[in-house]
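Let me begin by presenting the structure, written as structure tokens, before commenting on it.
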Amino acid sequence: MSRLVVVSNRIADPRKSAAGGLAVALGAALAETGGLWFGTSGNVVDGASADGPPQLQRAGRVTLATVDLGREDHDRYYRGYSNGVLWPVFHYRLDLADFEAGHLDGYRRVNRLFAQRLQPLLRPDDLVWVHDYHLIPLAAELRALGCTQRIGFFLHIPVPPPLILAAIPAHEWLMRALFAYDLVGVQSQADLTHLTRYLLNEARAEQIGEHVFGAFNRQLRAGAFPIGIDVDEFAALTDGAEAREMLATLREQYARRELLAGVDRLDYSKGLPQRVRAFRHLLEHHPDARHRATLIQVAAPSREDVPSYADIRRELEGLCGAVNGDFGDIDWMPVRHIHRTVARRRVPGLYRAARVGLVTPLRDGMNLVAKEFVAAQDPADPGVLVLSRFAGAAEQMREALLVNPYDTQATAEAIRAALQMPLEERRQRHARLLEGIRAQDVHWWRRRFLEMLTQGGG
Ligand code: GDG
């Protein structure tokens, strides 16, 4: 069996309890093959990026290799290009993209630096798996250094329609770089359709087989690999002391009320203002919900050095404040907006206490919160998931109440339907959803991707 090498912008120690499901899943695959995980350390150093080989650290059978980035490299590659250009454009937000040329230079430079530091660590029969939009050109840089290993790429965020991609000034260069990979994985069928159309119409690739494309003297295979969660790990977390304590506290505090819960990074793609407006609409038009329904919205701080993130925070705070001011009472606060990261071990307690889980992004690659919410429910008395049709997860989770988050009234009606849903229907929907997320969990995702990468086609 080939050694697995995972490359991502940040690495997480799979043994640490703060590590999320993805780190756990990749950690298991890495441990099986005595693998290597390569990425930035998260330390930003003054001046230039660190010279010399990466820092190596053992984590059980896994080797963690990290590089420190210099301030300017970090700013241009991470904040400027990855999160100031690629993130907004891939989430259909051309209006938020800042196409400053210096950002692209930094992005190229850091990808080259990654390749230079990684290449000496690679063995000829390694299987290399690169993650996400920060590292699109990495395989091209590795190939330029002579690497012939099989290299796969998985994009965690959506692929927008071709004409949106084509607005990126260097889109030809960026998308051409995909041909250095043997396999490119995306989250959903919609993403795969957009990618295919881009490759055929914009990159003028030739279609060689189903999802196999030829251009620039290379072949590229693409596929949809919807990511899942580790359902058992999440169930164990739900059963843990901290989640139980959270659940007990919320049940006591909200004994006579019904909770709606949202847990997101504070990101404009997550549709948080739209969600609060829908909740406001509910309170405005259905007075019976007043004094009864309470929305707890955890909005974990994220990318605070990118200006559009500061804007969304202010907008959300304004909306929540107005709902509380207009509808709240001495003994009832309609919205609790928590701008803090809640400990991972407590999160399932909040999910389980909620009658309704609100997952209403404007665009999302997959959205793991939707799956975690389902995994955390009590099958005998489960909460209802209200899910945006624009989350990748909506392709799989058809038994959720699917909504268009731009449609305030319809979203408010779906929340109302969720609050009023009879027990039997809640159980049936939950059972089907749980079956789905179990069958297509994170291990299934990882196995399918790696099997296809191993089999070839490139
Ligand atoms: C990208 C894609 C795709 C959130 N708040 C807190 C917290 N979280 C955890 C959730 C969940 C994770 O963060 C968020 O995952 P998502 O999938 O919702 O979203 P992104 O971070 O945008 O991830 C996305 C994903 O990659 C995987 O491919 O699904 O579409 O955008 O696990 O629970 N965790 C803790 N405290 C919080 O306050 N501990």
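Starting from 1 in every chain, residues are counted up; chains themselves are A, B, ... following the order of the structure tokens, and ligands are numbered from 1 as listed.
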Can you build me a table of chain A residues sitting at most 6 Å from ligand 1, with the closest atom pair per residue and its distance in Å to one decimal, using only C-alpha atoms and all ligand atoms, sorted by chain and residue number, as a tab-separated table?
```
residue	atom	partner	partner_atom_place_in_ligand_line	distance
A:His156	CA	ligand 1	28 (O)	4.3
A:Ile157	CA	ligand 1	2 (C)	5.1
A:Ile227	CA	ligand 1	28 (O)	5.8
A:Val263	CA	ligand 1	5 (N)	5.0
A:Asp264	CA	ligand 1	4 (C)	4.4
A:Arg265	CA	ligand 1	5 (N)	5.0
A:Val298	CA	ligand 1	38 (O)	5.9
A:Ala300	CA	ligand 1	38 (O)	4.5
A:Thr341	CA	ligand 1	38 (O)	3.4
A:Val342	CA	ligand 1	38 (O)	3.9
A:Ala343	CA	ligand 1	39 (N)	4.4
A:Arg344	CA	ligand 1	39 (N)	3.2
A:Asp364	CA	ligand 1	30 (O)	4.3
A:Gly365	CA	ligand 1	30 (O)	3.4
A:Met366	CA	ligand 1	29 (O)	3.7
A:Asn367	CA	ligand 1	17 (O)	3.4
A:Leu368	CA	ligand 1	17 (O)	3.7
A:Val369	CA	ligand 1	18 (O)	4.8
```
Since we have the selection now, will you write its residues out, keeping C-alpha atoms, as a CSV table (one decimal), in the first residue's frame?
```csv
chain,number,residue,atom,x,y,z
A,156,HIS,CA,-14.1,21.8,-0.3
A,157,ILE,CA,-15.9,24.9,-1.7
A,227,ILE,CA,-17.9,14.8,2.2
A,263,VAL,CA,-23.8,27.1,14.4
A,264,ASP,CA,-21.5,28.6,11.8
A,265,ARG,CA,-18.3,30.4,11.2
A,298,VAL,CA,-23.3,30.7,17.5
A,300,ALA,CA,-17.5,31.7,15.5
A,341,THR,CA,-16.1,29.7,19.3
A,342,VAL,CA,-18.0,27.2,21.4
A,343,ALA,CA,-15.9,24.2,22.5
A,344,ARG,CA,-16.4,21.3,20.1
A,364,ASP,CA,-21.9,26.2,0.6
A,365,GLY,CA,-19.6,23.4,-0.7
A,366,MET,CA,-21.2,20.8,1.6
A,367,ASN,CA,-22.0,22.1,5.1
A,368,LEU,CA,-21.1,19.6,7.8
A,369,VAL,CA,-23.3,21.3,10.5
```
Quick one: everything within 12 Å of A:Phe213, counting only C-alpha atoms, minus sequence neighbours fewer than 2 positions away in the same chain. Send it as a PyMOL selection string. chain A and resi 176+178-179+181-184+195-201+203-211+215-223+457-458
Could the residues in this selection be written to a file with C-alpha atoms, as an mmCIF file, in the first residue's frame?
```cif
data_model
loop_
_atom_site.group_PDB
_atom_site.id
_atom_site.type_symbol
_atom_site.label_atom_id
_atom_site.label_comp_id
_atom_site.auth_asym_id
_atom_site.auth_seq_id
_atom_site.Cartn_x
_atom_site.Cartn_y
_atom_site.Cartn_z
ATOM 1 C CA ARG A 176 -5.030 24.935 -16.309
ATOM 2 C CA LEU A 178 -5.828 21.457 -12.413
ATOM 3 C CA PHE A 179 -4.480 19.362 -15.275
ATOM 4 C CA TYR A 181 -3.597 16.475 -10.979
ATOM 5 C CA ASP A 182 -4.632 12.930 -11.781
ATOM 6 C CA LEU A 183 -7.956 13.316 -10.028
ATOM 7 C CA VAL A 184 -9.973 16.401 -9.085
ATOM 8 C CA LEU A 195 -16.439 22.214 -13.714
ATOM 9 C CA THR A 196 -17.244 20.148 -16.799
ATOM 10 C CA ARG A 197 -18.733 23.134 -18.572
ATOM 11 C CA TYR A 198 -15.715 25.244 -17.714
ATOM 12 C CA LEU A 199 -13.284 22.618 -18.972
ATOM 13 C CA LEU A 200 -15.158 22.115 -22.236
ATOM 14 C CA ASN A 201 -16.098 25.719 -23.013
ATOM 15 C CA ALA A 203 -10.355 25.539 -21.332
ATOM 16 C CA ARG A 204 -11.366 23.903 -24.652
ATOM 17 C CA ALA A 205 -10.619 20.493 -23.193
ATOM 18 C CA GLU A 206 -11.546 17.348 -25.070
ATOM 19 C CA GLN A 207 -13.930 14.943 -23.394
ATOM 20 C CA ILE A 208 -12.223 11.552 -23.440
ATOM 21 C CA GLY A 209 -14.557 9.578 -21.211
ATOM 22 C CA GLU A 210 -17.213 10.174 -18.629
ATOM 23 C CA HIS A 211 -15.615 12.930 -16.528
ATOM 24 C CA ALA A 215 -5.873 19.288 -22.571
ATOM 25 C CA PHE A 216 -2.340 20.642 -22.308
ATOM 26 C CA ASN A 217 -0.973 17.133 -23.011
ATOM 27 C CA ARG A 218 -2.454 15.730 -19.847
ATOM 28 C CA GLN A 219 -5.575 13.912 -18.793
ATOM 29 C CA LEU A 220 -7.712 14.946 -15.899
ATOM 30 C CA ARG A 221 -10.352 12.910 -14.222
ATOM 31 C CA ALA A 222 -13.033 14.646 -12.174
ATOM 32 C CA GLY A 223 -15.660 13.319 -9.794
ATOM 33 C CA GLY A 457 -7.367 7.441 -15.263
ATOM 34 C CA GLY A 458 -4.899 10.310 -15.528
#
```
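Distances from A:Ser82, A:Gln377, A:Gln297, A:Ser49 to A:Val231 were compared using only C-alpha atoms, and the smallest one belongs to A:Gln377.
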Picked from stretch 216-444 of chain A by DSSP as alpha helix (DSSP H), as a count of residues only: 106
Strand (DSSP E) residues, from DSSP on the backbone, in stretch 154-231 of chain A, as a tab-separated table (two decimals) with N, CA and C atoms, in the first residue's frame:
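Result written to result-v7.tsv:
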```tsv
chain	number	residue	atom	x	y	z
A	154	PHE	N	-8.81	17.79	-3.80
A	154	PHE	CA	-10.22	17.89	-3.41
A	154	PHE	C	-10.54	19.34	-3.06
A	183	LEU	N	-6.54	13.37	-10.38
A	183	LEU	CA	-7.96	13.32	-10.03
A	183	LEU	C	-8.34	14.61	-9.32
A	184	VAL	N	-9.45	15.20	-9.75
A	184	VAL	CA	-9.97	16.40	-9.08
A	184	VAL	C	-11.35	16.07	-8.53
A	185	GLY	N	-11.50	16.19	-7.23
A	185	GLY	CA	-12.78	15.88	-6.59
A	185	GLY	C	-13.48	17.16	-6.17
A	186	VAL	N	-14.79	17.19	-6.38
A	186	VAL	CA	-15.61	18.30	-5.91
A	186	VAL	C	-16.73	17.72	-5.05
A	206	GLU	N	-10.86	18.37	-24.29
A	206	GLU	CA	-11.55	17.35	-25.07
A	206	GLU	C	-12.12	16.36	-24.07
A	207	GLN	N	-13.34	15.93	-24.30
A	207	GLN	CA	-13.93	14.94	-23.39
A	207	GLN	C	-13.52	13.55	-23.87
A	208	ILE	N	-12.77	12.85	-23.02
A	208	ILE	CA	-12.22	11.55	-23.44
A	208	ILE	C	-13.10	10.42	-22.94
A	209	GLY	N	-13.67	10.59	-21.76
A	209	GLY	CA	-14.56	9.58	-21.21
A	209	GLY	C	-15.52	10.29	-20.29
A	212	VAL	N	-13.66	12.43	-17.89
A	212	VAL	CA	-12.22	12.42	-18.17
A	212	VAL	C	-11.97	13.43	-19.29
A	213	PHE	N	-11.02	14.33	-19.05
A	213	PHE	CA	-10.80	15.43	-20.00
A	213	PHE	C	-9.34	15.48	-20.41
A	214	GLY	N	-9.11	15.87	-21.64
A	214	GLY	CA	-7.73	16.01	-22.12
A	214	GLY	C	-7.46	17.45	-22.54
A	215	ALA	N	-6.34	17.96	-22.12
A	215	ALA	CA	-5.87	19.29	-22.57
A	215	ALA	C	-4.45	19.46	-22.07
A	218	ARG	N	-2.20	16.56	-21.03
A	218	ARG	CA	-2.45	15.73	-19.85
A	218	ARG	C	-3.92	15.36	-19.79
A	219	GLN	N	-4.19	14.32	-19.00
A	219	GLN	CA	-5.58	13.91	-18.79
A	219	GLN	C	-5.99	14.20	-17.37
A	220	LEU	N	-7.20	14.63	-17.23
A	220	LEU	CA	-7.71	14.95	-15.90
A	220	LEU	C	-9.03	14.22	-15.69
A	221	ARG	N	-9.12	13.58	-14.56
A	221	ARG	CA	-10.35	12.91	-14.22
A	221	ARG	C	-11.02	13.71	-13.11
A	222	ALA	N	-12.32	13.88	-13.20
A	222	ALA	CA	-13.03	14.65	-12.17
A	222	ALA	C	-14.16	13.80	-11.61
A	223	GLY	N	-14.56	14.08	-10.39
A	223	GLY	CA	-15.66	13.32	-9.79
A	223	GLY	C	-16.28	14.08	-8.65
A	224	ALA	N	-17.53	13.72	-8.33
A	224	ALA	CA	-18.19	14.31	-7.15
A	224	ALA	C	-18.02	13.36	-5.98
```
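If you look at atom CA of A:Val44 and atom CA of A:Ala144, they are 27.0 Å away from each other.
When atom CA of A:Val67 is paired with atom CA of A:Val159, their separation reads 28.5 Å.
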When you look at stretch 19-35 of chain A with a cut-off of 12 Å (counting only C-alpha atoms), what residues show up, excluding the ones that are within fewer than 6 positions of it in the same chain? I need them as a ChimeraX atom specification. /A:1-8,10-13,58-65,121-123,126-131,156,227-235,237,343-345,347,368-369,371-372,441-447,449-450
Pull C-alpha atoms from the residues just selected and write them as a PDB file, in the first residue's frame.
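Result went into selection26.pdb, see below:
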```pdb
ATOM      1  CA  MET A   1       0.000   0.000   0.000  1.00  0.00           C
ATOM      2  CA  SER A   2       1.359   3.427  -0.962  1.00  0.00           C
ATOM      3  CA  ARG A   3       2.152   5.936   1.725  1.00  0.00           C
ATOM      4  CA  LEU A   4      -0.458   8.683   1.930  1.00  0.00           C
ATOM      5  CA  VAL A   5       0.710  12.293   1.915  1.00  0.00           C
ATOM      6  CA  VAL A   6      -1.939  14.894   2.749  1.00  0.00           C
ATOM      7  CA  VAL A   7      -1.298  18.556   1.986  1.00  0.00           C
ATOM      8  CA  SER A   8      -3.521  21.340   3.270  1.00  0.00           C
ATOM      9  CA  ARG A  10      -3.253  24.220   7.906  1.00  0.00           C
ATOM     10  CA  ILE A  11      -2.563  20.929   9.546  1.00  0.00           C
ATOM     11  CA  ALA A  12      -4.273  19.620  12.644  1.00  0.00           C
ATOM     12  CA  ASP A  13      -2.814  17.109  15.030  1.00  0.00           C
ATOM     13  CA  ARG A  58       5.738  12.706  15.059  1.00  0.00           C
ATOM     14  CA  ALA A  59       2.107  12.155  16.020  1.00  0.00           C
ATOM     15  CA  GLY A  60       1.871   8.410  16.573  1.00  0.00           C
ATOM     16  CA  ARG A  61       2.551   6.803  13.194  1.00  0.00           C
ATOM     17  CA  VAL A  62       1.945  10.071  11.365  1.00  0.00           C
ATOM     18  CA  THR A  63       4.596  12.655  10.551  1.00  0.00           C
ATOM     19  CA  LEU A  64       3.500  16.278  10.655  1.00  0.00           C
ATOM     20  CA  ALA A  65       5.605  18.613   8.523  1.00  0.00           C
ATOM     21  CA  LEU A 121      10.165  14.569   1.521  1.00  0.00           C
ATOM     22  CA  LEU A 122       8.308  12.607  -1.173  1.00  0.00           C
ATOM     23  CA  ARG A 123       8.984   8.988  -2.087  1.00  0.00           C
ATOM     24  CA  ASP A 126       3.592   8.078  -2.505  1.00  0.00           C
ATOM     25  CA  LEU A 127      -0.048   8.942  -3.050  1.00  0.00           C
ATOM     26  CA  VAL A 128      -0.418  12.703  -2.629  1.00  0.00           C
ATOM     27  CA  TRP A 129      -3.761  14.277  -1.685  1.00  0.00           C
ATOM     28  CA  VAL A 130      -3.950  18.083  -1.839  1.00  0.00           C
ATOM     29  CA  HIS A 131      -6.834  19.931  -0.173  1.00  0.00           C
ATOM     30  CA  HIS A 156     -14.072  21.784  -0.306  1.00  0.00           C
ATOM     31  CA  ILE A 227     -17.850  14.764   2.174  1.00  0.00           C
ATOM     32  CA  GLY A 228     -19.483  13.351   5.291  1.00  0.00           C
ATOM     33  CA  ILE A 229     -18.872  13.292   9.017  1.00  0.00           C
ATOM     34  CA  ASP A 230     -17.714  10.531  11.328  1.00  0.00           C
ATOM     35  CA  VAL A 231     -21.168   9.660  12.649  1.00  0.00           C
ATOM     36  CA  ASP A 232     -19.938   7.375  15.423  1.00  0.00           C
ATOM     37  CA  GLU A 233     -17.391   9.889  16.618  1.00  0.00           C
ATOM     38  CA  PHE A 234     -20.107  12.544  16.689  1.00  0.00           C
ATOM     39  CA  ALA A 235     -22.535  10.262  18.500  1.00  0.00           C
ATOM     40  CA  LEU A 237     -19.284  13.317  21.464  1.00  0.00           C
ATOM     41  CA  ALA A 343     -15.914  24.179  22.510  1.00  0.00           C
ATOM     42  CA  ARG A 344     -16.415  21.283  20.088  1.00  0.00           C
ATOM     43  CA  ARG A 345     -17.381  18.938  22.902  1.00  0.00           C
ATOM     44  CA  VAL A 347     -21.694  21.802  20.410  1.00  0.00           C
ATOM     45  CA  LEU A 368     -21.115  19.650   7.833  1.00  0.00           C
ATOM     46  CA  VAL A 369     -23.265  21.339  10.468  1.00  0.00           C
ATOM     47  CA  LYS A 371     -24.955  16.394   9.137  1.00  0.00           C
ATOM     48  CA  GLU A 372     -23.763  16.971  12.700  1.00  0.00           C
ATOM     49  CA  ASP A 441     -19.878   9.169   6.006  1.00  0.00           C
ATOM     50  CA  VAL A 442     -16.406  10.670   6.006  1.00  0.00           C
ATOM     51  CA  HIS A 443     -14.725   7.259   5.778  1.00  0.00           C
ATOM     52  CA  TRP A 444     -16.783   6.383   2.705  1.00  0.00           C
ATOM     53  CA  TRP A 445     -15.750   9.719   1.187  1.00  0.00           C
ATOM     54  CA  ARG A 446     -12.078   9.175   1.870  1.00  0.00           C
ATOM     55  CA  ARG A 447     -12.082   5.560   0.634  1.00  0.00           C
ATOM     56  CA  PHE A 449     -11.500   9.299  -3.355  1.00  0.00           C
ATOM     57  CA  LEU A 450      -8.344   7.338  -2.616  1.00  0.00           C
TER      58      LEU A 450
END
```
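The environment of A:Gln274 within 10 Å, counting only C-alpha atoms and disregarding residues fewer than 2 places along the same chain, consists of Lys270, Gly271, Leu272, Val276, Arg277, Ala278, Phe279, Arg280, Leu316, Leu319, Thr360, Pro361, Leu362, Pro405, Tyr406, Asp407, Thr408 and Thr411 of chain A.
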Excluding same-chain residues fewer than 5 positions from A:Glu258, what lies within 7 Å of it counting only C-alpha atoms, as a VMD selection string? chain A and resid 292 to 294 355
Determine the nearest neighbour of A:Ile168 from the options A:Leu419, A:Gln187, A:Arg352, A:Tyr81, counting only C-alpha atoms. A:Tyr81
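For the pair atom CA of A:Ala243 and atom CA of A:Leu350, the interatomic distance is 7.6 Å.
Comparing A:Ser269, A:His430, A:Ala376, A:Gly318 by their smallest distance to A:Arg398, the closest is A:His430 (using only C-alpha atoms).
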Using only C-alpha atoms, pick whichever of A:Leu135, A:Ala167, A:Leu192, A:Leu453 has the shortest atom-to-atom distance to A:Gln149. A:Leu453
Using only C-alpha atoms, determine which residues lie at most 6 Å from stretch 90-96 of chain A, disregarding the query and same-chain residues fewer than 5 positions distant; provide the list as a short mmCIF file (atom, residue, chain, number, x, y, z; two decimals) with C-alpha atoms, in the first residue's frame.
```cif
data_model
loop_
_atom_site.label_atom_id
_atom_site.label_comp_id
_atom_site.auth_asym_id
_atom_site.auth_seq_id
_atom_site.Cartn_x
_atom_site.Cartn_y
_atom_site.Cartn_z
CA PRO A 158 -18.35 25.10 -4.55
CA VAL A 159 -17.44 25.45 -8.21
CA PRO A 160 -19.36 28.42 -9.67
CA ARG A 363 -23.84 28.97 -1.05
#
```
